[in-house]
Every structure is written in C-alpha cells, then in structure tokens.
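J.: My questions will all concern the structure given below.
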Amino acid sequence: MSNTEKKQGELKRKLGVGAALAIAVGTTVGSGIFTSLAEVAGAAGSAFMMIASFIIGGLIMIPQNMLYAELASAYPEDGGQYTWLKEANWRPIAFLNGWLAFWATDPCTCSVMSLSIASYFAFFIPELQGIPVKILAVCIIIAFTYLHYRSVEAGARFQEFITSLKMIPFFLLIIVGLFFMKGTLLAEPAVVGAPVGIAALLAGVSATTWSYDGAIGACYMTGEVKDPSKTMPKVMIGCIAIVILLYGGLSTIASGLIPIGELAATDTPIALAFSKLPMIGKAAGIVTSLLAIIVITGSMSGATMYQPRLEYAMAKDGLWYSRFAEVHPKYNTPSFALGAQAVYAILLVFMSGINDLLGYFTVICLVKNMLVFCTMFVHRSKPDYNPGWKCPAWKFMTVIAIFANGILLVSTFLWAPGASLIAGVVALVTGLPAYYFFEHKNKKRQSVKK
C-alpha cells in the first residue's frame, strides 16, 4: 500500500533503506557488545574457536533474517511477529506474543537501557548515584519518547546518525588494532579445562546467539517502510552482513591483543582491548564509557521508536485497547502507544528488582521465535500467499532458523528451569483470559454493526 493509499489516521510510509537499516543494526549492536567477547571467549576456550564461533554464529542467523525479509514483504504492515502469527491464523498465540512484549519485555528494555546510560554518565559525575541516576533515566525516557512522538522523519534521521556514530569507534579499533595485534596470541592453545573440538565450537556459537538478535526491530515498522518488497530484504541481509563483519573483526583483534584466558576473565573486554592501543592506554575507561553511552543511546532510540508499533497493530485488530491505535493528526505517529510505553518504563525504573523478574520470560520469547519460523510452512501453503521477495531454499532455511533458536532455548531453560516454568504458567494464566476478553468485545462490536 503506497502513501496515497494509506487512509487518514494510519501511519504513512516515510522510512527508506537507510533508516530501516539503522533501526536493525542499531538494535542488534547494543550494550551486550561490551560483554559478549568475554562470554564467547570463556565458552570457546581458544582464540581460533572464539573467532570461528562469531563467524558461524552470524552465518546461522542469515536464514533467520532472510525469512524475516520474506514475511515482511508478504505482509507489509506494522507489527512484525504479531502480524505473521496472526496471518497464519494463530490468533491466540499472536495475542500472547504482544501481551508478553508489552508487559514483560518492551518497556522493560527501555527502563534497563535508560538506567544503563545514566549509570555510565556517573563515570564522569561520581556524585550521580541512587535517586539522581533514576531521575536521569526518566529524563532519557521522556526525551526519546518526545523525539519519536513529534516526527517519524526526525526520529529516523537521529537513528541513522547515532548508529553511524556508534559503529565508527569499533571499526577504528579493528583497523588500528591490526598494527598492534600479536599473531602468537591467535595460535595459543585452549585454556586449561575449557572444552575442545566440536564441543568448544558449539558452546561458543551458542554464546553468540544473543549478540546477533535484534534485526527484527525494523520489521515492526514495515508498514512505514517505502517499497517494503525491495527495502526489507536489503535491510535484513545488510544488517547481518555488517554485524558479522563487526563481530568477526572485533573478536580477531581482541584475541590478538589479549591472551584468551585474560579475555575470558574480564568483565570489560572492550575497555581492555582499547587499553592495549598505545595512543589510548590509560584513557581506555573514558573512551569505553563514552562509547557505551553512544551505543546504548542508539539502541534506546531504536527500541523507543519501533516497539509501540506492536500495540498499535494489535489495537487496529481489536486485540488491544483501542486508544493504542490512535495516530497523531499532525505528527502522524502512534502517540498514545508511545506515551503508554514511556509511563510503564518510568514505573519500572523505580521498581527495584522487577527487571530481573521480567527477564524470566526469555524462554517464552524463544518459544515464540520458533513458532514464527514454523508459520513459514503455513504461509507457503496458503493459495493467496504472494511475498514480494522469496527466501531461496526456504525449507532448509526454516529448519536452520528453528534449530538455531532451539539451541538457545534449551541452554536458557537449563540455566533457569524453575523460573522458565513459572514464566510459562504466568503467561498463560494472564494472557489467555485477556485474549478471550478482547475477542468477546470484538464479537459484541460486530453483532452491533449487524
């Protein structure tokens, strides 16, 4: 549907390739980059296996992004996974997807990232502790909400700028690091007690999975992307290519500057890598803190922008409160959905410990991801299914995508089985009654129309 075909009160197609790519890359490369190198190093046990893990982990994500590209071109609407589950006629699961996203993940993401940004500011202002940090986090939430409330175009331009800005230091580290890395460190044997062979590779690849997750953020806004059939494949494939290049380069440079045992033991691998460069040295902490503020700001901006589009899409289908479907008549943004996300995120900032509790829903989110990939078999069997771009070897790609998420699902469940089961029960006990409540309202509305 083109801009001219969009009805009054609907979001318009204003985002080009650059803006959508900035959302995808900006969401994928987040705060996790500051710890993922150490996590993968500890899992893989050697420099070679760590580098291989990042590259293979990225390659495994290519099928996932290609499937997202096809689904986005087939259903060029806002909502992402919710829309794809709904179009597969899995309406209750689609609702549960949105229900959990609002109450357990999306606003929670904004509160966590705003607190992280505020905490890094405390590195430069030591007096910024306790309540002042929370107040700064609230101001950050309000600022980004206002930015994306006032204009999709202005928000997109900022997202392009901040994403470009946060990638530059990482690629500079890779380029400069080439002149100071030591080949002997790359050839060091595995750390004593670490897994070796295929076991090390599997552990390392599993540890990279979350590092590549996030490109789907752009799919939440497919209804606002220009020419989605051509744009979304470019965005999904371009995003994974950029991130593989980034992580592959960083892992190579880090393991060539820092012994693998030392890299696995540190909580600050990026700062440690910068400290090995003569021109930075002792200023590594300052450089890393500034970089962290920029990186998390990019992720925060992207999340604030795309997440409310899910509730907007649900409300249009009658599966959420109708006010979430409101579009500002002047700014053409989902004004109420943005405001509601901000209010809930601000409440979470002051609810100590609640973010850890909400994190228990990770397993449910992974199950949801696997179900989305399973819908490919449903969509492909529909006679009216006509995507603007088709994923090559789609059956093979679907199996790989399901398998990759299955690895993370099993490892996450084994890490916290009790919490995962509790989260599953809570999701069903709260979500299913809510679903039938909204469906009952829909039936009553339809009967009145008749």
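Labeling convention for the structure tokens: chains A, B, ... as they appear, residues from 1 per chain, ligands from 1 in order of appearance.
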Could you produce a table of the residues of stretch 270-310 of chain A lying within 10 Å of stretch 146-159 of chain A, with the nearest pair of atoms per residue and their separation in Å rounded to one decimal, using only C-alpha atoms, ordered by chain and increasing residue number, as JSON lines?
T.:
{"residue": "A:Thr297", "atom": "CA", "partner": "A:Gln159", "partner_atom": "CA", "distance": 9.4}
{"residue": "A:Gly298", "atom": "CA", "partner": "A:Gln159", "partner_atom": "CA", "distance": 6.5}
{"residue": "A:Ser299", "atom": "CA", "partner": "A:Gln159", "partner_atom": "CA", "distance": 8.9}
{"residue": "A:Met300", "atom": "CA", "partner": "A:Gln159", "partner_atom": "CA", "distance": 9.8}
{"residue": "A:Ser301", "atom": "CA", "partner": "A:Gln159", "partner_atom": "CA", "distance": 6.7}
{"residue": "A:Gly302", "atom": "CA", "partner": "A:Gln159", "partner_atom": "CA", "distance": 6.7}
{"residue": "A:Thr304", "atom": "CA", "partner": "A:His148", "partner_atom": "CA", "distance": 7.5}
{"residue": "A:Met305", "atom": "CA", "partner": "A:His148", "partner_atom": "CA", "distance": 5.9}
{"residue": "A:Tyr306", "atom": "CA", "partner": "A:His148", "partner_atom": "CA", "distance": 9.3}
J.: I need the residues of stretch 20-254 of chain A that end up classed as alpha helix (DSSP H) by DSSP on the backbone, written out as an MDAnalysis selection string.
T.: chainID A and resid 20:28 33:44 47:74 81:87 91:100 106:124 131:150 152:177 183:186 197:208 228:254
J.: Report the closest atom pair, with its distance in Å rounded to one decimal, for each residue of stretch 188-290 of chain A that has an atom no farther than 8 Å from stretch 378-393 of chain A; count only C-alpha atoms, sort by chain and then rising residue number, and write it as CSV.
T.:
residue,atom,partner,partner_atom,distance
A:Ser229,CA,A:Gly388,CA,4.7
A:Lys230,CA,A:Trp389,CA,7.4
A:Pro233,CA,A:Trp389,CA,7.3
J.: Include N, CA, C and O atoms and write out the residues we just selected as a CSV table (one decimal), in the first residue's frame.
T.:
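Contents of part.csv, as written:
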chain,number,residue,atom,x,y,z
A,229,SER,N,8.9,-4.5,-0.3
A,229,SER,CA,9.3,-5.7,-1.1
A,229,SER,C,10.8,-5.7,-1.5
A,229,SER,O,11.5,-6.7,-1.5
A,230,LYS,N,11.3,-4.5,-1.8
A,230,LYS,CA,12.7,-4.3,-2.1
A,230,LYS,C,13.5,-3.9,-1.0
A,230,LYS,O,14.7,-4.2,-0.8
A,233,PRO,N,14.4,-6.9,2.2
A,233,PRO,CA,15.5,-7.9,2.0
A,233,PRO,C,16.8,-7.2,2.1
A,233,PRO,O,17.8,-7.8,2.7
J.: Quick one: of A:Tyr435, A:Trp394, A:Trp84, A:Phe54, who's nearest to A:Tyr321, counting only C-alpha atoms?
T.: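 Closest to A:Tyr321, using only C-alpha atoms: A:Tyr435.
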J.: May I have the residues within 6 Å of stretch 284-290 of chain A as a ChimeraX atom specification, using only C-alpha atoms and disregarding those fewer than 2 positions away in the same chain?
T.: /A:120,271,274-275,280-282,292-293
J.: Smallest atom-to-atom distance to A:Val426: which of A:Phe350, A:Ile364, A:Ala118, A:Ser447, using only C-alpha atoms?
T.: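 Among A:Phe350, A:Ile364, A:Ala118, A:Ser447, it is A:Ile364 that comes nearest to A:Val426.
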J.: Can you work out the spacing between atom CA of A:Ser119 and atom CA of A:Ile135 in Å, to one decimal?
T.: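 Answer for the atom CA of A:Ser119 to atom CA of A:Ile135 separation: 11.3 Å.
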J.: May I ask for the distance between atom CA of A:Lys166 and atom CA of A:Val295, given in Å to one decimal place?
T.: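 A separation of 5.3 Å between them.
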J.: Using only C-alpha atoms, find the one residue out of A:Ala423, A:Met232, A:Leu310, A:Ile142 that sits nearest to A:Ser114.
T.: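 Residue with the minimum atom-to-atom distance to A:Ser114: A:Ile142.
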J.: Report, in Å to a single decimal, how far apart atom CA of A:Val176 and atom CA of A:Thr163 are.
T.: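 Spanning atom CA of A:Thr163 to atom CA of A:Val176 is a straight-line distance of 20.6 Å.
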J.: Fewer than 4 positions away in the same chain doesn't count, so skip those; otherwise give me all residues within 12 Å of A:Lys276, counting only C-alpha atoms, as JSON, numbers by chain.
T.: {"A": [173, 176, 177, 178, 179, 180, 181, 182, 253, 254, 255, 256, 257, 258, 259, 269, 270, 271, 272, 280, 281, 282, 283, 284, 285]}
J.: I'd like the contact shell of A:Gln81 - 12 Å cut-off, only C-alpha atoms, skipping same-chain residues fewer than 6 positions apart - returned as a VMD selection string.
T.: chain A and resid 67 to 69 71 to 72 75 87 to 88 90 to 91 93 to 98 101 216 to 222 307 309 to 311 313 to 314 365 368 to 376
J.: Applying 9 Å and only C-alpha atoms, which residues near A:Ala401 remain after dropping the ones on its own chain fewer than 3 positions away? List them as a PyMOL selection string.
T.: chain A and resi 60-65+67+370+373+396-398+404-406
J.: Take the residues just selected and output them with N, CA, C and O atoms as an mmCIF file, in the first residue's frame.
T.:
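Result written to result03.cif:
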data_model
loop_
_atom_site.group_PDB
_atom_site.id
_atom_site.type_symbol
_atom_site.label_atom_id
_atom_site.label_comp_id
_atom_site.auth_asym_id
_atom_site.auth_seq_id
_atom_site.Cartn_x
_atom_site.Cartn_y
_atom_site.Cartn_z
ATOM 1 N N ILE A 60 24.709 -18.542 10.822
ATOM 2 C CA ILE A 60 23.495 -19.268 11.200
ATOM 3 C C ILE A 60 22.293 -18.324 11.253
ATOM 4 O O ILE A 60 21.145 -18.745 11.038
ATOM 5 N N MET A 61 22.547 -17.045 11.529
ATOM 6 C CA MET A 61 21.459 -16.076 11.626
ATOM 7 C C MET A 61 20.978 -15.581 10.257
ATOM 8 O O MET A 61 19.934 -14.950 10.163
ATOM 9 N N ILE A 62 21.751 -15.852 9.216
ATOM 10 C CA ILE A 62 21.346 -15.403 7.874
ATOM 11 C C ILE A 62 19.989 -15.985 7.472
ATOM 12 O O ILE A 62 19.113 -15.249 6.984
ATOM 13 N N PRO A 63 19.760 -17.306 7.647
ATOM 14 C CA PRO A 63 18.427 -17.841 7.301
ATOM 15 C C PRO A 63 17.306 -17.140 8.053
ATOM 16 O O PRO A 63 16.247 -16.848 7.474
ATOM 17 N N GLN A 64 17.529 -16.861 9.335
ATOM 18 C CA GLN A 64 16.514 -16.190 10.142
ATOM 19 C C GLN A 64 16.160 -14.831 9.544
ATOM 20 O O GLN A 64 14.981 -14.498 9.371
ATOM 21 N N ASN A 65 17.165 -14.049 9.209
ATOM 22 C CA ASN A 65 16.907 -12.727 8.642
ATOM 23 C C ASN A 65 16.281 -12.798 7.255
ATOM 24 O O ASN A 65 15.465 -11.951 6.883
ATOM 25 N N LEU A 67 14.220 -15.144 6.242
ATOM 26 C CA LEU A 67 12.812 -15.479 6.463
ATOM 27 C C LEU A 67 12.034 -14.244 6.904
ATOM 28 O O LEU A 67 10.897 -14.018 6.478
ATOM 29 N N MET A 370 10.513 -19.507 17.680
ATOM 30 C CA MET A 370 10.458 -20.777 16.966
ATOM 31 C C MET A 370 9.104 -20.964 16.288
ATOM 32 O O MET A 370 9.023 -21.460 15.156
ATOM 33 N N PHE A 373 8.911 -19.081 13.000
ATOM 34 C CA PHE A 373 9.557 -19.774 11.888
ATOM 35 C C PHE A 373 8.720 -20.965 11.420
ATOM 36 O O PHE A 373 8.684 -21.273 10.235
ATOM 37 N N PHE A 396 14.959 -25.395 3.873
ATOM 38 C CA PHE A 396 16.254 -25.576 4.541
ATOM 39 C C PHE A 396 16.521 -24.409 5.479
ATOM 40 O O PHE A 396 16.963 -24.603 6.624
ATOM 41 N N MET A 397 16.253 -23.195 5.025
ATOM 42 C CA MET A 397 16.482 -22.009 5.837
ATOM 43 C C MET A 397 15.604 -22.028 7.092
ATOM 44 O O MET A 397 16.033 -21.641 8.180
ATOM 45 N N THR A 398 14.361 -22.499 6.940
ATOM 46 C CA THR A 398 13.453 -22.567 8.084
ATOM 47 C C THR A 398 13.947 -23.551 9.126
ATOM 48 O O THR A 398 13.923 -23.276 10.326
ATOM 49 N N ALA A 404 18.646 -23.121 15.300
ATOM 50 C CA ALA A 404 19.468 -22.116 15.982
ATOM 51 C C ALA A 404 18.765 -21.592 17.227
ATOM 52 O O ALA A 404 19.372 -21.425 18.285
ATOM 53 N N ASN A 405 17.458 -21.322 17.108
ATOM 54 C CA ASN A 405 16.711 -20.856 18.271
ATOM 55 C C ASN A 405 16.523 -21.969 19.291
ATOM 56 O O ASN A 405 16.463 -21.715 20.492
ATOM 57 N N GLY A 406 16.431 -23.212 18.802
ATOM 58 C CA GLY A 406 16.284 -24.349 19.710
ATOM 59 C C GLY A 406 17.487 -24.524 20.617
ATOM 60 O O GLY A 406 17.342 -24.859 21.800
#
J.: Determine the nearest neighbour of A:Leu172 from the options A:Ile240, A:Pro308, A:Pro76, A:Leu277, counting only C-alpha atoms.
T.: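 The answer is A:Leu277, which sits nearest to A:Leu172.
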J.: Nearest to A:Ala273 among A:Ala342, A:Cys139, A:Leu250, A:Ile56, with distances taken over only C-alpha atoms: which residue is it?
T.: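 Under the stated criterion, the closest residue is A:Leu250.
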J.: Would you mind telling me which residue in A:Ala44, A:Ile296, A:Ala187, A:Ala52 lies nearest to A:Ser31 when using only C-alpha atoms?
T.: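 Among the listed residues, A:Ile296 lies closest to A:Ser31.
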